[in-house]
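S.K.: I have a structure here, written as C-alpha cells, and I will follow up with some questions on it.
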Amino acid sequence: MSSNNDSIKKTVTVAVVLCVVCSVVVSAAAVLLKPMQQYNMDQDRKSNILRAAGITDPSKTVDELFSQITTRIVDINTGEFVDAPEAEDFRRAAGDPSRSMALDRRTDIASIKRQPNLMPVYMVESDAGGIETLILPVYGYGLWSTMYGFLALEGDLNTVAGLGFYEHAETPGLGGEIDNPSWKASWIGKQIYPNVEATQPALRVVKGSVDTSVAGAEHRIDGLAGATLTANGVTNMIQFWLGETGYAPLIANLRAETQAVEEVQLNDDAAELGSAEEV
C-alpha cells in the first residue's frame with residue numbers, strides 16, 4: 001500500500017514540477033519576446049501607413065521611409081492638436097471610458113460603440129511647411145468584423161491619395177475584396193466632400209459600377225459584387241470618420257491655417273514686387 005502511495009506522490013510531484021518549469025519557461029519567453037513583438041507591430045503599423053500614402057522605395061528601410069512622416073495627436077471634438085503621445089494606441093483608448101465616449105445608435109453609423117477622445121494622424125509635410133499628404137486612421141464594422149485601415153488625402157484635404165485595410169475578417173472573395181489592389185486603386189483621385197466648406201462627406205460605395213459620365217461620379221466608388229453589407233460598412237466608416245463626428249473639425253482647422261499661410265505669402269510677394277517697382 002505504501003509503495004502505491006509513494007508512486008502517486010512521485011507522479012504528482014513530477015507533474016507539479018513540470019507545470020512550474022513550463023510556466024517559468026513560457027513566462028520568460030513572453031517577457032523576453034515582448035520587445036521584439038512590439039517592434040514588429042510598430043513596423044507593421046508604419047508599413048501600412050506608408051502603403052496608404054503611396055510611399056515606397058525598396059532601397060530604403062521602413063524607418064527611413066517613415067522619417068518623412070510627422071505623427072500628431074488630435075482632439076476629435078475640437079480638431080486641435082494636443083501633446084499626448086500615449087494616445088497613438090487608439091484601440092486601447094476606445095476600451096477605456098476615461099479616454100473615450102459612448103456613441104448613441106443614431107450617431108454610431110460605423111458601429112464602433114465607443115470613440116476615442118484623441119486620435120493619431122500622420123502627415124507628410126512640404127519644405128515650406130504645408131501638408132502634402134494627410135493619413136487618417138479609420139475603422140468601422142462590415143459584415144463580420146471591424147475593418148481597420150488608413151485613408152490618405154492629398155494636400156487639398158479632399159482628394160483621396162490612397163486607402164488600405166490592415167485588419168478585418170470579411171468573407172474571402174466577397175467582402176474580402178476590400179483588399180483587392182484594383183478596387184483600392186479606384187479610390188485614388190476621388191473627392192471626399194462636394195466643396196471646401198462641406199463637413200459631410202459625399203463619397204460612398206455604390207452598387208454596381210460607377211458611371212463616369214454622370215454628375216457626382218467623383219464621389220462614387222465601384223461596389224463589391226456579393227458584398228453589399230461590407231460595402232455599406234465602408235461607406236458608413238467614411239461618413240463617420242470624415243464627418244463632423246470624426247476628422248471634419250481637424251480638416252477645417254488645417255484648411256484655415258493653409259489659407260492664412262497663403263495670404264501671408266501673397267502679401268509678402270506683393271510687398272516685394274512693390275519694392276522692386278519703386279527701385
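Lettering and numbering for the C-alpha cells are positional, with chains as A, B, ... in the shown order, residues counted from 1 in each chain, and ligands counted from 1 in the shown order.
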Tell me, which residues of range 201-265 of chain A carry DSSP alpha helix (DSSP H), written as an MDAnalysis selection string?

M.R.: chainID A and resid 228:241 248:265

S.K.: Using only C-alpha atoms, determine which residues lie at most 10 Å from range 96-101 of chain A, disregarding the query and same-chain residues fewer than 6 positions distant; provide the list as a ChimeraX atom specification.

M.R.: /A:87,90,113-118

S.K.: Can you tell me, as a PyMOL selection string, which residues in range 53-219 of chain A count as strand (DSSP E or B) by DSSP?

M.R.: chain A and resi 69-75+81-82+100-102+114-116+118-125+131-141+146-154+159-167+191+204-205

S.K.: For CA of Ile55 in chain A and CA of Gln68 in chain A, determine how far apart the two atoms are, in Å to one decimal place.

M.R.: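 Between CA of Ile55 in chain A and CA of Gln68 in chain A the gap is 9.4 Å.
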
S.K.: With only C-alpha atoms as the counted atoms, please give the residues lying no more than 8 Å from Lys46 in chain A, apart from itself and same-chain residues fewer than 2 positions off, as a count of residues only.

M.R.: 9

S.K.: Please provide as a PDB file with C-alpha atoms, in the first residue's frame all residues within 8 Å of range 203-212 of chain A, with the sequence filter that same-chain residues fewer than 4 positions apart are discarded (counting only C-alpha atoms).

M.R.:
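Just written: out_0.pdb:
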```pdb
ATOM      1  CA  LYS A 190     -11.917  60.588 -55.757  1.00  0.00           C
ATOM      2  CA  GLN A 191     -13.307  63.557 -53.826  1.00  0.00           C
ATOM      3  CA  ILE A 192     -14.455  63.279 -50.206  1.00  0.00           C
ATOM      4  CA  TYR A 193     -16.529  66.462 -49.962  1.00  0.00           C
ATOM      5  CA  ALA A 217     -19.065  60.308 -60.242  1.00  0.00           C
ATOM      6  CA  GLU A 218     -16.074  61.820 -58.453  1.00  0.00           C
ATOM      7  CA  HIS A 219     -17.820  60.921 -55.191  1.00  0.00           C
ATOM      8  CA  ARG A 220     -18.650  57.313 -56.112  1.00  0.00           C
ATOM      9  CA  ILE A 221     -16.707  54.064 -55.716  1.00  0.00           C
ATOM     10  CA  ASP A 222     -17.494  50.803 -57.570  1.00  0.00           C
ATOM     11  CA  GLY A 223     -19.422  48.312 -55.443  1.00  0.00           C
ATOM     12  CA  LEU A 224     -18.263  44.876 -54.318  1.00  0.00           C
ATOM     13  CA  ALA A 225     -20.117  42.027 -56.024  1.00  0.00           C
ATOM     14  CA  THR A 228     -23.354  44.778 -50.160  1.00  0.00           C
ATOM     15  CA  ALA A 231     -19.622  47.918 -48.950  1.00  0.00           C
ATOM     16  CA  ASN A 232     -22.218  49.680 -46.780  1.00  0.00           C
ATOM     17  CA  VAL A 234     -17.067  51.012 -45.780  1.00  0.00           C
ATOM     18  CA  THR A 235     -19.408  53.860 -46.726  1.00  0.00           C
ATOM     19  CA  ILE A 238     -16.053  57.073 -44.361  1.00  0.00           C
ATOM     20  CA  GLN A 239     -19.188  59.036 -43.493  1.00  0.00           C
TER      21      GLN A 239
END
```

S.K.: Pick out the residues sitting within 12 Å of range 245-250 of chain A, and hand them over as a PyMOL selection string; count only C-alpha atoms, and ignore anything fewer than 2 positions along from it in its own chain.

M.R.: chain A and resi 72-82+101+103-104+106-110+114-121+134-139+151+153+157-158+192-193+196-201+236-243+252-257

S.K.: Expressed in Å to a single decimal, how great is the separation between CA of Asp179 in chain A and CA of Asp156 in chain A?

M.R.: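 Taking CA of Asp179 in chain A and CA of Asp156 in chain A, their separation equals 25.7 Å.
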
S.K.: List the spatial neighbours of Ala53 in chain A as JSON, numbers by chain - criterion: any atom at most 10 Å away, only C-alpha atoms, same-chain residues fewer than 6 positions off excluded.

M.R.: {"A": [47, 69, 122, 123, 124, 133, 134, 135, 136, 150, 151, 152, 153, 154, 160, 161, 162, 163, 164]}

S.K.: Quick one, how far is CA of Gly216 in chain A from CA of Gly149 in chain A?

M.R.: 24.9 Å
